[in-house]
>>> print(open('my_file.cif').read())   # mmCIF, C-alpha atoms and all ligand atoms
data_coords
loop_
_atom_site.group_PDB
_atom_site.id
_atom_site.type_symbol
_atom_site.label_atom_id
_atom_site.label_comp_id
_atom_site.auth_asym_id
_atom_site.auth_seq_id
_atom_site.Cartn_x
_atom_site.Cartn_y
_atom_site.Cartn_z
ATOM 1 C CA MET A 1 7.835 -67.103 71.596
ATOM 2 C CA LYS A 2 6.806 -68.918 74.741
ATOM 3 C CA ARG A 3 9.323 -71.311 76.232
ATOM 4 C CA THR A 4 8.684 -74.940 75.498
ATOM 5 C CA ASP A 5 11.469 -76.347 77.652
ATOM 6 C CA GLY A 6 12.585 -78.881 75.167
ATOM 7 C CA TYR A 7 9.308 -80.596 74.551
ATOM 8 C CA LEU A 8 9.213 -78.938 71.188
ATOM 9 C CA LEU A 9 5.497 -78.758 71.716
ATOM 10 C CA ASP A 10 3.222 -75.790 72.025
ATOM 11 C CA ASN A 11 -0.580 -76.055 72.013
ATOM 12 C CA ARG A 12 -1.132 -72.639 70.539
ATOM 13 C CA HIS A 13 0.394 -73.496 67.206
ATOM 14 C CA SER A 14 -1.501 -75.148 64.384
ATOM 15 C CA ALA A 15 0.666 -78.266 64.610
ATOM 16 C CA ALA A 16 -0.279 -78.716 68.281
ATOM 17 C CA GLY A 17 -2.951 -81.326 67.696
ATOM 18 C CA GLU A 18 -0.638 -83.269 65.427
ATOM 19 C CA GLN A 19 2.184 -83.105 67.961
ATOM 20 C CA GLY A 20 -0.158 -83.968 70.802
ATOM 21 C CA ASP A 21 -1.401 -87.009 68.906
ATOM 22 C CA ALA A 22 2.201 -88.151 68.469
ATOM 23 C CA VAL A 23 2.964 -88.053 72.205
ATOM 24 C CA GLY A 24 0.366 -90.647 73.221
ATOM 25 C CA PRO A 25 1.622 -93.605 71.177
ATOM 26 C CA LEU A 26 5.169 -92.892 72.350
ATOM 27 C CA PHE A 27 4.610 -92.318 76.040
ATOM 28 C CA ASP A 28 1.146 -93.589 77.061
ATOM 29 C CA PRO A 29 2.432 -97.134 77.753
ATOM 30 C CA THR A 30 4.990 -95.724 80.211
ATOM 31 C CA THR A 31 2.403 -93.527 81.895
ATOM 32 C CA PHE A 32 -0.095 -96.395 82.149
ATOM 33 C CA ARG A 33 2.560 -98.733 83.554
ATOM 34 C CA HIS A 34 3.172 -96.290 86.387
ATOM 35 C CA LEU A 35 -0.517 -95.754 87.077
ATOM 36 C CA GLU A 36 -1.101 -99.501 87.149
ATOM 37 C CA GLY A 37 1.793 -99.815 89.579
ATOM 38 C CA PHE A 38 -0.016 -97.391 91.890
ATOM 39 C CA GLY A 39 -3.058 -99.678 91.778
ATOM 40 C CA ILE A 40 -5.450 -97.292 90.011
ATOM 41 C CA GLY A 41 -8.885 -98.889 90.080
ATOM 42 C CA PRO A 42 -12.621 -98.492 90.618
ATOM 43 C CA GLY A 43 -13.652 -95.485 92.663
ATOM 44 C CA TRP A 44 -10.347 -93.580 92.388
ATOM 45 C CA ARG A 45 -10.486 -89.784 92.135
ATOM 46 C CA CYS A 46 -7.938 -88.480 89.630
ATOM 47 C CA TRP A 47 -6.853 -85.044 88.437
ATOM 48 C CA GLU A 48 -5.176 -84.987 85.035
ATOM 49 C CA VAL A 49 -3.378 -81.632 84.837
ATOM 50 C CA GLY A 50 -2.700 -80.055 81.422
ATOM 51 C CA ALA A 51 -4.432 -83.050 79.902
ATOM 52 C CA GLY A 52 -4.050 -81.947 76.262
ATOM 53 C CA GLY A 53 -5.859 -84.758 74.421
ATOM 54 C CA THR A 54 -8.067 -87.659 75.430
ATOM 55 C CA SER A 55 -5.824 -90.741 75.541
ATOM 56 C CA VAL A 56 -4.787 -90.587 79.204
ATOM 57 C CA VAL A 57 -8.126 -89.406 80.596
ATOM 58 C CA SER A 58 -10.070 -92.011 78.602
ATOM 59 C CA TRP A 59 -7.783 -94.752 79.908
ATOM 60 C CA MET A 60 -8.194 -93.442 83.464
ATOM 61 C CA ALA A 61 -11.975 -93.282 83.055
ATOM 62 C CA LYS A 62 -12.099 -96.989 82.181
ATOM 63 C CA ARG A 63 -9.991 -97.848 85.227
ATOM 64 C CA VAL A 64 -11.874 -95.767 87.796
ATOM 65 C CA GLY A 65 -15.314 -96.658 86.406
ATOM 66 C CA PRO A 66 -18.646 -95.021 87.233
ATOM 67 C CA THR A 67 -17.884 -94.749 90.945
ATOM 68 C CA GLY A 68 -14.653 -92.828 90.277
ATOM 69 C CA LYS A 69 -13.878 -89.374 88.958
ATOM 70 C CA VAL A 70 -11.391 -87.945 86.443
ATOM 71 C CA ILE A 71 -11.072 -84.183 86.403
ATOM 72 C CA ALA A 72 -9.216 -83.157 83.257
ATOM 73 C CA THR A 73 -7.946 -79.587 83.246
ATOM 74 C CA ASP A 74 -6.058 -77.509 80.707
ATOM 75 C CA LEU A 75 -5.653 -73.913 79.602
ATOM 76 C CA ASP A 76 -7.070 -75.092 76.281
ATOM 77 C CA THR A 77 -9.649 -77.870 76.525
ATOM 78 C CA SER A 78 -10.512 -78.001 72.825
ATOM 79 C CA ARG A 79 -8.981 -81.454 72.318
ATOM 80 C CA LEU A 80 -10.679 -82.871 75.417
ATOM 81 C CA THR A 81 -14.294 -82.445 74.338
ATOM 82 C CA PRO A 82 -14.731 -86.038 73.051
ATOM 83 C CA ALA A 83 -13.881 -87.392 76.520
ATOM 84 C CA ALA A 84 -16.169 -85.060 78.460
ATOM 85 C CA ARG A 85 -18.723 -87.475 79.889
ATOM 86 C CA PRO A 86 -18.920 -89.182 83.303
ATOM 87 C CA PRO A 87 -16.707 -90.051 85.025
ATOM 88 C CA VAL A 88 -14.637 -87.420 83.160
ATOM 89 C CA GLU A 89 -15.194 -83.764 83.888
ATOM 90 C CA VAL A 90 -13.330 -81.233 81.742
ATOM 91 C CA ARG A 91 -12.459 -77.778 83.049
ATOM 92 C CA VAL A 92 -10.506 -74.806 81.746
ATOM 93 C CA HIS A 93 -7.943 -74.226 84.486
ATOM 94 C CA ASP A 94 -4.510 -72.659 84.963
ATOM 95 C CA VAL A 95 -2.546 -74.821 87.385
ATOM 96 C CA ALA A 96 -0.059 -72.026 88.046
ATOM 97 C CA VAL A 97 -2.639 -69.501 89.155
ATOM 98 C CA GLU A 98 -5.928 -71.079 90.209
ATOM 99 C CA GLU A 99 -6.943 -73.126 93.217
ATOM 100 C CA PRO A 100 -7.063 -76.887 92.568
ATOM 101 C CA PRO A 101 -10.338 -78.051 90.976
ATOM 102 C CA GLY A 102 -11.073 -80.321 93.938
ATOM 103 C CA GLU A 103 -9.493 -82.062 96.894
ATOM 104 C CA GLY A 104 -8.918 -85.536 98.234
ATOM 105 C CA PHE A 105 -7.548 -86.938 94.971
ATOM 106 C CA ASP A 106 -6.022 -90.422 95.006
ATOM 107 C CA LEU A 107 -3.920 -89.479 91.985
ATOM 108 C CA VAL A 108 -2.682 -86.292 90.371
ATOM 109 C CA HIS A 109 -0.803 -86.612 87.079
ATOM 110 C CA ALA A 110 0.863 -84.036 84.840
ATOM 111 C CA ARG A 111 2.851 -85.066 81.752
ATOM 112 C CA LEU A 112 4.832 -82.530 79.752
ATOM 113 C CA VAL A 113 3.184 -79.697 81.677
ATOM 114 C CA LEU A 114 5.275 -78.567 84.643
ATOM 115 C CA ALA A 115 8.246 -77.438 82.571
ATOM 116 C CA GLN A 116 5.933 -75.126 80.635
ATOM 117 C CA VAL A 117 4.648 -73.428 83.755
ATOM 118 C CA ALA A 118 6.394 -70.259 84.864
ATOM 119 C CA ASP A 119 5.584 -70.644 88.576
ATOM 120 C CA ARG A 120 6.426 -74.338 88.897
ATOM 121 C CA GLU A 121 6.714 -74.237 92.661
ATOM 122 C CA ARG A 122 3.181 -72.949 93.023
ATOM 123 C CA ALA A 123 1.835 -75.453 90.504
ATOM 124 C CA LEU A 124 3.512 -78.318 92.343
ATOM 125 C CA ARG A 125 2.206 -77.065 95.683
ATOM 126 C CA SER A 126 -1.300 -76.885 94.279
ATOM 127 C CA MET A 127 -1.129 -80.440 92.913
ATOM 128 C CA ILE A 128 0.103 -81.784 96.260
ATOM 129 C CA GLU A 129 -2.508 -79.800 98.187
ATOM 130 C CA ALA A 130 -5.204 -81.479 96.114
ATOM 131 C CA LEU A 131 -4.064 -84.992 97.097
ATOM 132 C CA ALA A 132 -5.680 -87.041 99.822
ATOM 133 C CA PRO A 133 -3.266 -88.295 102.500
ATOM 134 C CA GLY A 134 -1.480 -91.262 100.894
ATOM 135 C CA GLY A 135 -2.441 -90.020 97.409
ATOM 136 C CA ARG A 136 0.053 -90.297 94.554
ATOM 137 C CA LEU A 137 1.578 -87.557 92.414
ATOM 138 C CA LEU A 138 3.117 -88.582 89.076
ATOM 139 C CA ILE A 139 4.985 -85.871 87.178
ATOM 140 C CA GLU A 140 6.501 -86.641 83.797
ATOM 141 C CA ASP A 141 8.704 -84.280 81.847
ATOM 142 C CA ALA A 142 11.220 -84.617 79.055
ATOM 143 C CA ASP A 143 14.963 -84.312 79.443
ATOM 144 C CA PRO A 144 16.319 -83.691 75.937
ATOM 145 C CA ALA A 145 19.823 -82.984 77.248
ATOM 146 C CA LEU A 146 20.064 -86.532 78.625
ATOM 147 C CA GLN A 147 19.689 -88.031 75.135
ATOM 148 C CA PRO A 148 19.749 -85.222 72.601
ATOM 149 C CA LEU A 149 19.897 -87.100 69.306
ATOM 150 C CA PRO A 150 16.975 -88.042 67.059
ATOM 151 C CA CYS A 151 19.370 -90.578 65.471
ATOM 152 C CA PRO A 152 21.871 -91.940 68.030
ATOM 153 C CA ASP A 153 23.164 -94.484 65.480
ATOM 154 C CA VAL A 154 24.663 -92.196 62.844
ATOM 155 C CA HIS A 155 24.962 -94.591 59.922
ATOM 156 C CA GLY A 156 24.393 -92.305 56.963
ATOM 157 C CA PRO A 157 23.667 -88.791 55.650
ATOM 158 C CA ALA A 158 19.974 -88.957 56.612
ATOM 159 C CA GLN A 159 20.900 -89.471 60.269
ATOM 160 C CA GLN A 160 23.580 -86.783 60.104
ATOM 161 C CA LEU A 161 21.076 -84.292 58.730
ATOM 162 C CA ALA A 162 18.500 -85.207 61.392
ATOM 163 C CA ASN A 163 21.032 -84.695 64.169
ATOM 164 C CA ARG A 164 22.247 -81.405 62.683
ATOM 165 C CA LEU A 165 18.724 -80.011 62.527
ATOM 166 C CA ARG A 166 18.012 -81.104 66.104
ATOM 167 C CA ASP A 167 21.255 -79.540 67.271
ATOM 168 C CA GLY A 168 20.130 -76.244 65.718
ATOM 169 C CA LEU A 169 16.727 -76.587 67.299
ATOM 170 C CA ARG A 170 18.303 -77.043 70.709
ATOM 171 C CA THR A 171 20.247 -73.830 70.194
ATOM 172 C CA LEU A 172 17.023 -71.985 69.400
ATOM 173 C CA LEU A 173 15.290 -73.415 72.455
ATOM 174 C CA ALA A 174 18.227 -72.618 74.726
ATOM 175 C CA ASP A 175 18.182 -69.061 73.396
ATOM 176 C CA ASP A 176 14.486 -68.927 74.364
ATOM 177 C CA GLY A 177 15.488 -69.777 77.934
ATOM 178 C CA SER A 178 14.321 -73.389 77.827
ATOM 179 C CA ASP A 179 15.729 -75.717 80.460
ATOM 180 C CA LEU A 180 16.632 -78.809 78.462
ATOM 181 C CA SER A 181 17.632 -80.727 81.606
ATOM 182 C CA PHE A 182 14.460 -80.137 83.584
ATOM 183 C CA GLY A 183 13.270 -83.754 83.660
ATOM 184 C CA ARG A 184 16.145 -85.023 85.787
ATOM 185 C CA SER A 185 15.365 -82.499 88.543
ATOM 186 C CA LEU A 186 11.888 -83.910 89.203
ATOM 187 C CA PRO A 187 12.724 -86.349 92.041
ATOM 188 C CA ARG A 188 14.560 -83.599 93.896
ATOM 189 C CA LEU A 189 11.649 -81.176 93.405
ATOM 190 C CA LEU A 190 9.096 -83.726 94.599
ATOM 191 C CA ARG A 191 11.147 -84.497 97.715
ATOM 192 C CA ALA A 192 11.627 -80.791 98.415
ATOM 193 C CA ALA A 193 7.873 -80.328 98.116
ATOM 194 C CA GLY A 194 7.392 -82.804 100.971
ATOM 195 C CA LEU A 195 6.415 -85.992 99.163
ATOM 196 C CA ARG A 196 7.530 -89.341 100.589
ATOM 197 C CA ARG A 197 8.804 -92.488 98.906
ATOM 198 C CA VAL A 198 9.906 -90.490 95.866
ATOM 199 C CA MET A 199 11.207 -92.530 92.942
ATOM 200 C CA ALA A 200 11.832 -91.876 89.268
ATOM 201 C CA ASP A 201 12.738 -93.593 86.042
ATOM 202 C CA ALA A 202 13.273 -92.681 82.409
ATOM 203 C CA TYR A 203 12.102 -94.062 79.102
ATOM 204 C CA PHE A 204 12.844 -93.322 75.486
ATOM 205 C CA PRO A 205 12.388 -95.301 72.288
ATOM 206 C CA LEU A 206 15.675 -95.923 70.506
ATOM 207 C CA ALA A 207 14.195 -96.852 67.138
ATOM 208 C CA SER A 208 10.480 -96.463 66.722
ATOM 209 C CA PRO A 209 8.235 -95.619 63.780
ATOM 210 C CA ALA A 210 6.058 -93.796 66.331
ATOM 211 C CA CYS A 211 8.804 -91.150 66.559
ATOM 212 C CA ALA A 212 8.295 -90.176 62.910
ATOM 213 C CA ALA A 213 5.038 -88.285 63.490
ATOM 214 C CA LEU A 214 6.565 -86.284 66.344
ATOM 215 C CA GLU A 215 9.755 -85.550 64.409
ATOM 216 C CA SER A 216 7.848 -84.353 61.329
ATOM 217 C CA ALA A 217 5.449 -82.187 63.326
ATOM 218 C CA THR A 218 8.287 -80.673 65.339
ATOM 219 C CA ILE A 219 10.420 -79.825 62.338
ATOM 220 C CA ARG A 220 7.446 -78.334 60.482
ATOM 221 C CA GLU A 221 6.623 -76.263 63.531
ATOM 222 C CA PHE A 222 10.121 -74.794 63.725
ATOM 223 C CA ARG A 223 10.802 -74.713 59.990
ATOM 224 C CA ALA A 224 10.677 -70.917 59.576
ATOM 225 C CA ARG A 225 12.889 -70.272 62.592
ATOM 226 C CA LEU A 226 15.463 -72.852 61.522
ATOM 227 C CA VAL A 227 15.706 -71.227 58.100
ATOM 228 C CA THR A 228 15.712 -67.651 59.389
ATOM 229 C CA ALA A 229 18.465 -68.476 61.893
ATOM 230 C CA GLY A 230 20.588 -69.905 59.060
ATOM 231 C CA ILE A 231 20.606 -73.353 60.698
ATOM 232 C CA ALA A 232 19.050 -75.086 57.698
ATOM 233 C CA THR A 233 17.883 -74.368 54.171
ATOM 234 C CA GLU A 234 14.390 -75.079 52.910
ATOM 235 C CA GLN A 235 15.965 -77.905 50.887
ATOM 236 C CA ASP A 236 17.572 -79.412 54.019
ATOM 237 C CA ILE A 237 14.209 -79.454 55.731
ATOM 238 C CA ASP A 238 12.374 -80.938 52.755
ATOM 239 C CA ARG A 239 15.042 -83.634 52.466
ATOM 240 C CA HIS A 240 14.803 -84.447 56.162
ATOM 241 C CA LEU A 241 10.995 -84.640 56.100
ATOM 242 C CA ALA A 242 11.194 -86.949 53.080
ATOM 243 C CA ASN A 243 13.772 -89.124 54.894
ATOM 244 C CA VAL A 244 11.490 -89.374 57.919
ATOM 245 C CA THR A 245 8.497 -90.278 55.758
ATOM 246 C CA ALA A 246 10.512 -92.906 53.906
ATOM 247 C CA GLY A 247 11.202 -94.744 57.211
ATOM 248 C CA GLY A 248 14.282 -96.702 58.217
ATOM 249 C CA MET A 249 15.764 -93.770 60.141
ATOM 250 C CA ASP A 250 15.887 -95.505 63.559
ATOM 251 C CA LEU A 251 14.417 -92.392 65.129
ATOM 252 C CA ALA A 252 14.674 -91.914 68.893
ATOM 253 C CA ALA A 253 13.000 -89.414 71.202
ATOM 254 C CA ALA A 254 14.093 -87.378 74.188
ATOM 255 C CA PRO A 255 13.804 -89.343 77.437
ATOM 256 C CA MET A 256 10.661 -88.940 79.489
ATOM 257 C CA ILE A 257 11.450 -88.763 83.186
ATOM 258 C CA SER A 258 8.642 -90.080 85.377
ATOM 259 C CA ALA A 259 8.867 -89.122 89.042
ATOM 260 C CA TRP A 260 6.355 -90.066 91.672
ATOM 261 C CA GLY A 261 5.762 -89.902 95.376
ATOM 262 C CA ARG A 262 3.065 -90.027 98.042
ATOM 263 C CA LYS A 263 1.567 -87.364 100.235
ATOM 264 C CA VAL A 264 2.072 -87.995 103.916
HETATM 265 C C1 LIG B 301 2.940 -80.683 75.742
HETATM 266 S S1 LIG B 301 1.247 -80.656 76.111
HETATM 267 C C2 LIG B 301 1.045 -82.203 76.968
HETATM 268 C C3 LIG B 301 -0.364 -82.673 76.933
HETATM 269 C C4 LIG B 301 -0.604 -83.999 77.678
HETATM 270 N N1 LIG B 301 -0.337 -83.850 79.094
HETATM 271 C C5 LIG B 301 0.208 -85.125 77.097
HETATM 272 O O1 LIG B 301 1.181 -85.559 77.722
HETATM 273 O O2 LIG B 301 -0.128 -85.574 75.986
HETATM 274 C C6 LIG B 301 1.213 -79.494 77.457
HETATM 275 C C7 LIG B 301 -0.186 -79.192 77.922
HETATM 276 O O3 LIG B 301 -0.116 -78.416 79.109
HETATM 277 C C8 LIG B 301 -1.076 -77.384 79.027
HETATM 278 N N2 LIG B 301 -0.657 -76.310 79.927
HETATM 279 C C9 LIG B 301 0.437 -75.523 79.818
HETATM 280 N N3 LIG B 301 0.481 -74.637 80.829
HETATM 281 C C10 LIG B 301 -0.599 -74.899 81.612
HETATM 282 C C11 LIG B 301 -1.113 -74.323 82.801
HETATM 283 N N4 LIG B 301 -0.499 -73.293 83.378
HETATM 284 N N5 LIG B 301 -2.244 -74.823 83.330
HETATM 285 C C12 LIG B 301 -2.871 -75.868 82.733
HETATM 286 N N6 LIG B 301 -2.436 -76.456 81.599
HETATM 287 C C13 LIG B 301 -1.323 -75.957 81.038
HETATM 288 C C14 LIG B 301 -1.069 -77.008 77.571
HETATM 289 O O4 LIG B 301 -2.234 -76.300 77.206
HETATM 290 C C15 LIG B 301 -0.972 -78.376 76.908
HETATM 291 O O5 LIG B 301 -2.215 -78.986 76.701
#
>>> encode(input="my_file.cif", output="structure tokens", more="lines below")
Ligand SMILES: C[S@@+](CC[C@H](N)C(=O)[O-])C[C@H]1O[C@@H](n2cnc3c(N)ncnc32)[C@H](O)[C@@H]1O
Amino acid sequence: MKRTDGYLLDNRHSAAGEQGDAVGPLFDPTTFRHLEGFGIGPGWRCWEVGAGGTSVVSWMAKRVGPTGKVIATDLDTSRLTPAARPPVEVRVHDVAVEEPPGEGFDLVHARLVLAQVADRERALRSMIEALAPGGRLLIEDADPALQPLPCPDVHGPAQQLANRLRDGLRTLLADDGSDLSFGRSLPRLLRAAGLRRVMADAYFPLASPACAALESATIREFRARLVTAGIATEQDIDRHLANVTAGGMDLAAAPMISAWGRKV
């Protein structure tokens, strides 16, 4: 199985669309806050790397308007088709291997992508190369080790079960070679890559109904492996999914680290 570096997400699986749809409501407001802070506006040229679905590129398209450009790239562009009209251009592209799809970008953004890429250094170099002088790079990646619990407030058996399953999942991911602390390294990596004015912050919901969709999709995705590894029984998983559906779990998510800087 391909490493997922703690995102618990993998486009190739059938649950990918469902998981992808769950990421937007949780993390789009944070992403948009950062992009607004950069001053994104009419005429900007943006490259959305590993775009996944449409929520970020559609938001960018509204901001940059008809005089701007949003190039949305991904290994798998199937979920991007509805956004593929000017100023959005969709391209199949491997950020770890191919040349950038353009140059002189005011903004390059990659969320939950870099940790999945084997040659991260090359991918980062390519994203920075594509920036105009003064252009901004925003990289966002999860750091599940920083806040590992789906239920930090353990106030009953439902929360205990949720945390036990997630603990088992982390073991599986670590066995796969996933780096569950990748997010926190982003500011250092951006500085080392030559960016200036590098800053970073982190966000995670502590109790949000929006976490339920992601939790359910993730557990369903890993169900067979959790059972095969003896971490959980089918009954455990059914009980947990029912608990999540019932609500009132105070579900949290792994922190998203957002790190940004400017090209000299
Ligand atoms: C976890 S999803 C995140 C999608 C989106 N950025 C978001 O935050 O909702 C990771 C995305 O990165 C894409 N991806 C992974 N490796 C890539 C690569 N080498 N080049 C381009 N895209 C890649 C995947 O296909 C997938 O769409």
>>> residues_near_ligand(input="my_file.cif", ligand="ligand LIG 301 (chain B)", cutoff="8 Å", atoms="all atoms listed in the file", output="PyMOL selection string")
chain A and resi 7-12+20-21+23-24+27+48-53+55-56+73-77+92-97+110-114+116-118+123
>>> atom_distance(input="my_file.cif", atom1="atom CA of Phe32 of chain A", atom2="atom CA of Pro148 of chain A")
24.7 Å
>>> resolve_selection(input="my_file.cif", expression="the PyMOL selection byres (((chain A and resi 181-183) around 6) and not hetatm)", output="PyMOL selection string")
chain A and resi 141-143+145+179-180+184-186+257
>>> write_last_selection(input="my_file.cif", atoms="C-alpha atoms", output="tab-separated table (two decimals), in the frame of the given file")
chain	number	residue	atom	x	y	z
A	141	ASP	CA	8.70	-84.28	81.85
A	142	ALA	CA	11.22	-84.62	79.06
A	143	ASP	CA	14.96	-84.31	79.44
A	145	ALA	CA	19.82	-82.98	77.25
A	179	ASP	CA	15.73	-75.72	80.46
A	180	LEU	CA	16.63	-78.81	78.46
A	184	ARG	CA	16.14	-85.02	85.79
A	185	SER	CA	15.36	-82.50	88.54
A	186	LEU	CA	11.89	-83.91	89.20
A	257	ILE	CA	11.45	-88.76	83.19
>>> closest_residue(input="my_file.cif", among="A:Glu89, A:Glu18, A:Asp238, A:Glu121", to="Pro101 of chain A", atoms="all atoms listed in the file")
A:Glu89
>>> resolve_selection(input="my_file.cif", expression="the PyMOL selection byres (((chain A and resi 62-71) around 9) and not hetatm)", output="list in words")
Ile40, Gly41, Pro42, Gly43, Trp44, Arg45, Cys46, Trp47, Glu48, Val49, Val57, Ser58, Trp59, Met60, Ala61, Ala72, Thr73, Pro86, Pro87, Val88, Glu89, Val90, Arg91, Pro101 and Gly102 of chain A
>>> atom_distance(input="my_file.cif", atom1="atom CA of Gly247 of chain A", atom2="atom CA of Leu149 of chain A")
16.7 Å
>>> residues_around(input="my_file.cif", residues="Leu137 of chain A", least_positions_apart="3", cutoff="8 Å", atoms="all atoms listed in the file", output="short mmCIF file (atom, residue, chain, number, x, y, z; two decimals) with C-alpha atoms, in the frame of the given file")
data_model
loop_
_atom_site.label_atom_id
_atom_site.label_comp_id
_atom_site.auth_asym_id
_atom_site.auth_seq_id
_atom_site.Cartn_x
_atom_site.Cartn_y
_atom_site.Cartn_z
CA LEU A 107 -3.92 -89.48 91.98
CA VAL A 108 -2.68 -86.29 90.37
CA HIS A 109 -0.80 -86.61 87.08
CA MET A 127 -1.13 -80.44 92.91
CA ILE A 128 0.10 -81.78 96.26
CA LEU A 131 -4.06 -84.99 97.10
CA TRP A 260 6.36 -90.07 91.67
CA GLY A 261 5.76 -89.90 95.38
CA ARG A 262 3.06 -90.03 98.04
CA LYS A 263 1.57 -87.36 100.24
#
>>> atom_distance(input="my_file.cif", atom1="atom CA of Arg120 of chain A", atom2="atom CA of Ala22 of chain A")
25.0 Å
>>> closest_residue(input="my_file.cif", among="A:Arg225, A:Gly156, A:Asp106, A:Glu234", to="Asp176 of chain A", atoms="all atoms listed in the file")
A:Arg225
>>> resolve_selection(input="my_file.cif", expression="the PyMOL selection byres (((chain A and resi 210) around 9) and not hetatm)", output="PDB file with C-alpha atoms, in the frame of the given file")
ATOM      1  CA  ALA A  22       2.201 -88.151  68.469  1.00  0.00           C
ATOM      2  CA  VAL A  23       2.964 -88.053  72.205  1.00  0.00           C
ATOM      3  CA  PRO A  25       1.622 -93.605  71.177  1.00  0.00           C
ATOM      4  CA  LEU A  26       5.169 -92.892  72.350  1.00  0.00           C
ATOM      5  CA  PRO A 205      12.388 -95.301  72.288  1.00  0.00           C
ATOM      6  CA  ALA A 207      14.195 -96.852  67.138  1.00  0.00           C
ATOM      7  CA  SER A 208      10.480 -96.463  66.722  1.00  0.00           C
ATOM      8  CA  PRO A 209       8.235 -95.619  63.780  1.00  0.00           C
ATOM      9  CA  CYS A 211       8.804 -91.150  66.559  1.00  0.00           C
ATOM     10  CA  ALA A 212       8.295 -90.176  62.910  1.00  0.00           C
ATOM     11  CA  ALA A 213       5.038 -88.285  63.490  1.00  0.00           C
ATOM     12  CA  LEU A 214       6.565 -86.284  66.344  1.00  0.00           C
ATOM     13  CA  LEU A 251      14.417 -92.392  65.129  1.00  0.00           C
TER      14      LEU A 251
END
>>> residues_around(input="my_file.cif", residues="Asp236 of chain A", least_positions_apart="4", cutoff="10 Å", atoms="all atoms listed in the file", output="MDAnalysis selection string")
chainID A and resid 161:162 165 227 231:232 240:242
>>> closest_residue(input="my_file.cif", among="A:Phe38, A:Thr245, A:Ala254, A:Leu206", to="Asp153 of chain A", atoms="only C-alpha atoms")
A:Leu206
